[in-house]
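**Q** File name entry16.pdb; file contents PDB, C-alpha atoms; full text below.
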ATOM      1  CA  ARG A  23     -14.806 -62.972 -31.906
ATOM      2  CA  ARG A  24     -12.633 -65.504 -33.687
ATOM      3  CA  VAL A  25     -12.320 -65.581 -37.483
ATOM      4  CA  HIS A  26     -11.737 -68.984 -39.055
ATOM      5  CA  GLY A  27      -9.304 -69.003 -41.965
ATOM      6  CA  PRO A  28      -8.371 -71.562 -44.586
ATOM      7  CA  PRO A  29      -7.030 -74.944 -43.438
ATOM      8  CA  ARG A  30      -3.459 -74.782 -42.112
ATOM      9  CA  SER A  31      -3.454 -70.974 -42.162
ATOM     10  CA  GLN A  32      -2.065 -69.075 -39.224
ATOM     11  CA  HIS A  33      -1.885 -65.466 -38.139
ATOM     12  CA  CYS A  34       1.724 -64.296 -37.850
ATOM     13  CA  LEU A  35       2.204 -61.980 -34.905
ATOM     14  CA  LYS A  36       5.412 -60.515 -36.365
ATOM     15  CA  CYS A  37       3.957 -59.724 -39.808
ATOM     16  CA  ASP A  38       0.406 -59.142 -38.527
ATOM     17  CA  ARG A  39      -1.176 -61.034 -41.393
ATOM     18  CA  CYS A  40      -2.789 -64.352 -42.182
ATOM     19  CA  VAL A  41      -0.500 -66.748 -44.045
ATOM     20  CA  ALA A  42      -1.854 -69.651 -46.095
ATOM     21  CA  LYS A  43      -0.260 -72.970 -45.092
ATOM     22  CA  TYR A  44       1.833 -71.145 -42.499
ATOM     23  CA  SER A  45       5.151 -72.831 -41.764
ATOM     24  CA  HIS A  46       7.173 -70.301 -39.758
ATOM     25  CA  HIS A  47       8.423 -66.737 -39.611
ATOM     26  CA  CYS A  48      11.918 -66.651 -41.102
ATOM     27  CA  PRO A  49      14.410 -64.003 -39.982
ATOM     28  CA  TRP A  50      16.569 -64.632 -43.057
ATOM     29  CA  VAL A  51      13.882 -63.480 -45.481
ATOM     30  CA  ARG A  52      12.247 -61.119 -42.952
ATOM     31  CA  GLY A  53       8.869 -62.641 -43.526
ATOM     32  CA  CYS A  54       6.636 -65.630 -43.262
ATOM     33  CA  VAL A  55       7.187 -68.925 -45.001
ATOM     34  CA  GLY A  56       3.997 -70.470 -46.273
ATOM     35  CA  HIS A  57       2.314 -71.880 -49.351
ATOM     36  CA  GLU A  58       3.692 -69.259 -51.749
ATOM     37  CA  ASN A  59       7.380 -69.410 -50.818
ATOM     38  CA  GLN A  60       8.048 -72.624 -48.877
ATOM     39  CA  ALA A  61      10.110 -74.260 -51.631
ATOM     40  CA  ALA A  62      12.182 -71.118 -52.222
ATOM     41  CA  ALA A  63      12.886 -70.831 -48.482
ATOM     42  CA  LEU A  64      14.158 -74.423 -48.298
ATOM     43  CA  ILE A  65      16.273 -73.966 -51.438
ATOM     44  CA  LEU A  66      17.783 -70.809 -49.898
ATOM     45  CA  GLN A  67      18.582 -72.698 -46.692
ATOM     46  CA  LEU A  68      20.149 -75.644 -48.544
ATOM     47  CA  ALA A  69      22.113 -73.354 -50.886
ATOM     48  CA  ALA A  70      23.519 -71.306 -47.991
ATOM     49  CA  THR A  71      24.513 -74.495 -46.162
ATOM     50  CA  GLY A  72      26.063 -75.997 -49.292
ATOM     51  CA  LEU A  73      28.014 -72.815 -50.026
ATOM     52  CA  GLY A  74      29.286 -72.722 -46.441
ATOM     53  CA  LEU A  75      30.397 -76.359 -46.630
ATOM     54  CA  PHE A  76      32.116 -75.716 -49.982
ATOM     55  CA  PHE A  77      33.941 -72.692 -48.569
ATOM     56  CA  VAL A  78      35.158 -74.483 -45.431
ATOM     57  CA  VAL A  79      36.293 -77.633 -47.257
ATOM     58  CA  HIS A  80      38.205 -75.704 -49.908
ATOM     59  CA  SER A  81      39.756 -73.297 -47.387
ATOM     60  CA  LEU A  82      40.977 -76.183 -45.259
ATOM     61  CA  GLY A  83      42.287 -77.892 -48.381
ATOM     62  CA  TYR A  84      44.144 -74.731 -49.319
ATOM     63  CA  PHE A  85      45.730 -74.424 -45.869
ATOM     64  CA  ALA A  86      46.712 -78.102 -45.868
ATOM     65  CA  ALA A  87      48.274 -77.821 -49.324
ATOM     66  CA  GLN A  88      50.250 -74.696 -48.363
ATOM     67  CA  SER A  89      51.784 -76.100 -45.183
ATOM     68  CA  ASN A  90      55.031 -77.977 -45.776
ATOM     69  CA  CYS A  91      54.722 -80.463 -42.926
ATOM     70  CA  PRO A  92      54.434 -84.236 -42.987
ATOM     71  CA  SER A  93      50.823 -85.327 -43.338
ATOM     72  CA  ILE A  94      50.550 -86.422 -39.701
ATOM     73  CA  PHE A  95      51.234 -82.853 -38.507
ATOM     74  CA  ARG A  96      49.184 -80.994 -41.125
ATOM     75  CA  PRO A  97      46.031 -80.530 -39.015
ATOM     76  CA  MET A  98      48.042 -78.531 -36.466
ATOM     77  CA  ALA A  99      50.403 -76.897 -38.943
ATOM     78  CA  PHE A 100      47.798 -75.323 -41.205
ATOM     79  CA  ILE A 101      46.354 -73.367 -38.270
ATOM     80  CA  GLY A 102      49.776 -71.844 -37.573
ATOM     81  CA  PHE A 103      50.313 -71.278 -41.286
ATOM     82  CA  GLY A 104      46.872 -69.700 -41.578
ATOM     83  CA  PHE A 105      47.512 -67.199 -38.797
ATOM     84  CA  ALA A 106      50.926 -66.319 -40.165
ATOM     85  CA  GLN A 107      49.972 -65.963 -43.831
ATOM     86  CA  HIS A 108      46.207 -65.601 -44.182
ATOM     87  CA  SER A 109      44.630 -64.560 -40.878
ATOM     88  CA  THR A 110      41.512 -63.106 -42.525
ATOM     89  CA  LEU A 111      40.837 -66.282 -44.488
ATOM     90  CA  LEU A 112      41.430 -68.469 -41.440
ATOM     91  CA  LEU A 113      39.162 -66.394 -39.185
ATOM     92  CA  THR A 114      36.463 -66.329 -41.861
ATOM     93  CA  THR A 115      36.757 -70.098 -42.261
ATOM     94  CA  LEU A 116      36.398 -70.608 -38.500
ATOM     95  CA  TRP A 117      33.396 -68.228 -38.416
ATOM     96  CA  VAL A 118      31.647 -70.033 -41.288
ATOM     97  CA  ALA A 119      32.442 -73.446 -39.767
ATOM     98  CA  THR A 120      30.902 -72.333 -36.470
ATOM     99  CA  HIS A 121      27.702 -71.267 -38.205
ATOM    100  CA  LEU A 122      27.606 -74.487 -40.205
ATOM    101  CA  VAL A 123      26.857 -76.384 -37.006
ATOM    102  CA  TRP A 124      23.376 -74.874 -36.732
ATOM    103  CA  MET A 125      22.899 -74.402 -40.496
ATOM    104  CA  VAL A 126      23.256 -78.144 -41.118
ATOM    105  CA  GLN A 127      20.834 -78.891 -38.290
ATOM    106  CA  VAL A 128      18.239 -76.410 -39.575
ATOM    107  CA  SER A 129      18.609 -77.654 -43.161
ATOM    108  CA  TYR A 130      18.114 -81.252 -42.061
ATOM    109  CA  ALA A 131      15.102 -80.348 -39.925
ATOM    110  CA  GLN A 132      13.495 -78.315 -42.741
ATOM    111  CA  ALA A 133      14.027 -81.088 -45.297
ATOM    112  CA  ARG A 134      12.679 -83.699 -42.868
ATOM    113  CA  VAL A 135       9.562 -81.622 -42.220
ATOM    114  CA  ALA A 136       9.031 -81.098 -45.957
ATOM    115  CA  ALA A 137       9.342 -84.850 -46.550
ATOM    116  CA  SER A 138       6.746 -85.517 -43.848
ATOM    117  CA  GLY A 139       4.104 -83.330 -45.495
ATOM    118  CA  LEU A 140       3.819 -81.084 -42.456
ATOM    119  CA  THR A 141       4.861 -77.475 -41.926
ATOM    120  CA  VAL A 142       7.399 -76.413 -39.306
ATOM    121  CA  HIS A 143       4.601 -74.989 -37.177
ATOM    122  CA  GLU A 144       2.620 -78.247 -37.350
ATOM    123  CA  SER A 145       5.673 -80.370 -36.557
ATOM    124  CA  ILE A 146       6.199 -78.343 -33.377
ATOM    125  CA  ASP A 147       2.559 -77.840 -32.358
ATOM    126  CA  ARG A 148       0.809 -81.163 -32.920
ATOM    127  CA  ARG A 149      -2.253 -80.177 -30.902
ATOM    128  CA  ARG A 150      -4.141 -78.840 -33.923
ATOM    129  CA  PRO A 151      -7.571 -80.498 -34.292
ATOM    130  CA  TYR A 152      -6.902 -81.479 -37.913
ATOM    131  CA  LEU A 153      -3.804 -83.426 -36.769
ATOM    132  CA  ARG A 154      -5.842 -85.607 -34.414
ATOM    133  CA  ALA A 155      -7.445 -88.946 -35.149
ATOM    134  CA  PRO A 156     -10.897 -89.609 -33.609
ATOM    135  CA  ASP A 157      -9.207 -91.427 -30.717
ATOM    136  CA  GLY A 158      -7.009 -88.365 -30.008
ATOM    137  CA  THR A 159      -3.725 -89.720 -31.343
ATOM    138  CA  PHE A 160      -1.568 -87.811 -33.804
ATOM    139  CA  ARG A 161      -2.222 -88.363 -37.503
ATOM    140  CA  ASN A 162      -0.876 -86.570 -40.541
ATOM    141  CA  PRO A 163      -3.562 -86.321 -43.221
ATOM    142  CA  TRP A 164      -1.068 -84.847 -45.724
ATOM    143  CA  ASP A 165       1.531 -87.610 -45.556
ATOM    144  CA  HIS A 166       1.663 -89.431 -48.894
ATOM    145  CA  GLY A 167       5.183 -90.794 -48.477
ATOM    146  CA  ALA A 168       8.417 -88.823 -48.506
ATOM    147  CA  LEU A 169       8.890 -88.795 -52.293
ATOM    148  CA  VAL A 170       5.360 -87.606 -53.102
ATOM    149  CA  ASN A 171       5.475 -85.105 -50.233
ATOM    150  CA  LEU A 172       8.694 -83.578 -51.581
ATOM    151  CA  GLN A 173       7.325 -83.504 -55.125
ATOM    152  CA  ARG A 174       4.248 -81.631 -53.880
ATOM    153  CA  PHE A 175       6.393 -79.363 -51.728
ATOM    154  CA  PHE A 176       8.476 -78.290 -54.734
ATOM    155  CA  GLY A 177       5.453 -78.058 -57.035
ATOM    156  CA  LEU A 178       6.411 -81.000 -59.256
ATOM    157  CA  ILE A 179       3.039 -82.642 -58.607
ATOM    158  CA  PRO A 180      -0.019 -80.395 -58.596
ATOM    159  CA  ASP A 181      -1.661 -79.974 -55.215
ATOM    160  CA  ASP A 182      -5.456 -79.939 -55.513
ATOM    161  CA  THR A 183      -5.917 -78.114 -52.225
ATOM    162  CA  ASP A 184      -6.692 -74.404 -52.379
ATOM    163  CA  TRP A 185      -4.784 -73.130 -49.354
ATOM    164  CA  THR A 186      -6.177 -69.617 -49.746
ATOM    165  CA  ALA A 187      -9.913 -70.408 -49.750
TER
END
Could you render the structure from this file as structure tokens?

**A**
Amino acid sequence: RRVHGPPRSQHCLKCDRCVAKYSHHCPWVRGCVGHENQAAALILQLAATGLGLFFVVHSLGYFAAQSNCPSIFRPMAFIGFGFAQHSTLLLTTLWVATHLVWMVQVSYAQARVAASGLTVHESIDRRRPYLRAPDGTFRNPWDHGALVNLQRFFGLIPDDTDWTA
């Protein structure tokens, strides 16, 4: 027997619970992202990405400033200087830069989904009946324009929908 929950709710197989306005299960917070914590999850993602970018840019700036080569050779020289003088900092910078590749992509995708008014789950699985127009084409009933969608997402505009009912 199937139990029908609130609109946009989903049962999480990893948490074994029903989540209101289910977006996705996040390994970073070891839990589900939904109505209660969606804004905090995006802020965490953007903050981690921003901190990583800050670290990499300033580390590379430090290495470039410390190498005493003409500017045309600095990109190659700071790597040699980094290994000779600061191997831990250089390896950490390379590790963070590697992770920034996917962190930037995930941050962009999360922000784009938030601006669309959908959840991550809905943006991936568009077969949900409530995302279908009468003729069967995709429609987003929660899209009120990117600015309004983001304001609702972050709680700046009250959302009249009770996602837990």

**Q** Using only C-alpha atoms for the distances, tell me which of A:Thr115, A:Gln32, A:Thr183, A:Gln173 is nearest to His80 of chain A.

**A**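 Once distances to His80 of chain A are computed over only C-alpha atoms, the minimum belongs to A:Thr115.
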
**Q** Assuming the chain letters and numbering stay as they are in my file, what does the PyMOL selection byres ((chain A and resi 114) around 12) actually select? List them as a ChimeraX atom specification.

**A** /A:74,77-78,81-82,104-105,108-113,115-121

**Q** Using the chain letters and numbering of this document, enumerate as a list of chain:residue names the residues selected by the PyMOL selection byres ((chain A and resi 47) around 10).

**A**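 After applying the PyMOL selection byres ((chain A and resi 47) around 10), what remains is A:Cys34, A:Leu35, A:Lys36, A:Cys37, A:Val41, A:Tyr44, A:Ser45, A:His46, A:Cys48, A:Pro49, A:Trp50, A:Val51, A:Arg52, A:Gly53, A:Cys54, A:Val55, A:Gly56, A:Val142, A:His143.
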
**Q** Please determine, counting only C-alpha atoms, which residue among A:Ala62, A:Ala42, A:Leu140, A:Ala155 has the shortest atom-to-atom distance to Gly177 of chain A.

**A**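 Ranking A:Ala62, A:Ala42, A:Leu140, A:Ala155 by distance to Gly177 of chain A, first place goes to A:Ala62.
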
**Q** Report, in Å to a single decimal, how far apart atom CA of Ile65 of chain A and atom CA of Pro180 of chain A are.

**A**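 Distance reported for this atom pair: 18.9 Å.
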
**Q** Find, counting only C-alpha atoms, the residue in A:Gln67, A:Ser145, A:Asn59, A:Ser31 that gets nearest to Tyr130 of chain A.

**A**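 Smallest distance to Tyr130 of chain A is found for A:Gln67.
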
**Q** To box segment 108-127 of chain A, take all atoms listed in the file, fit an axis-aligned box, add 3 Å on each side, and give centre and edge lengths in Å to one decimal, as lines of an AutoDock Vina configuration file.

**A**
center_x = 33.5
center_y = -71.0
center_z = -40.5
size_x = 31.4
size_y = 21.8
size_z = 14.0
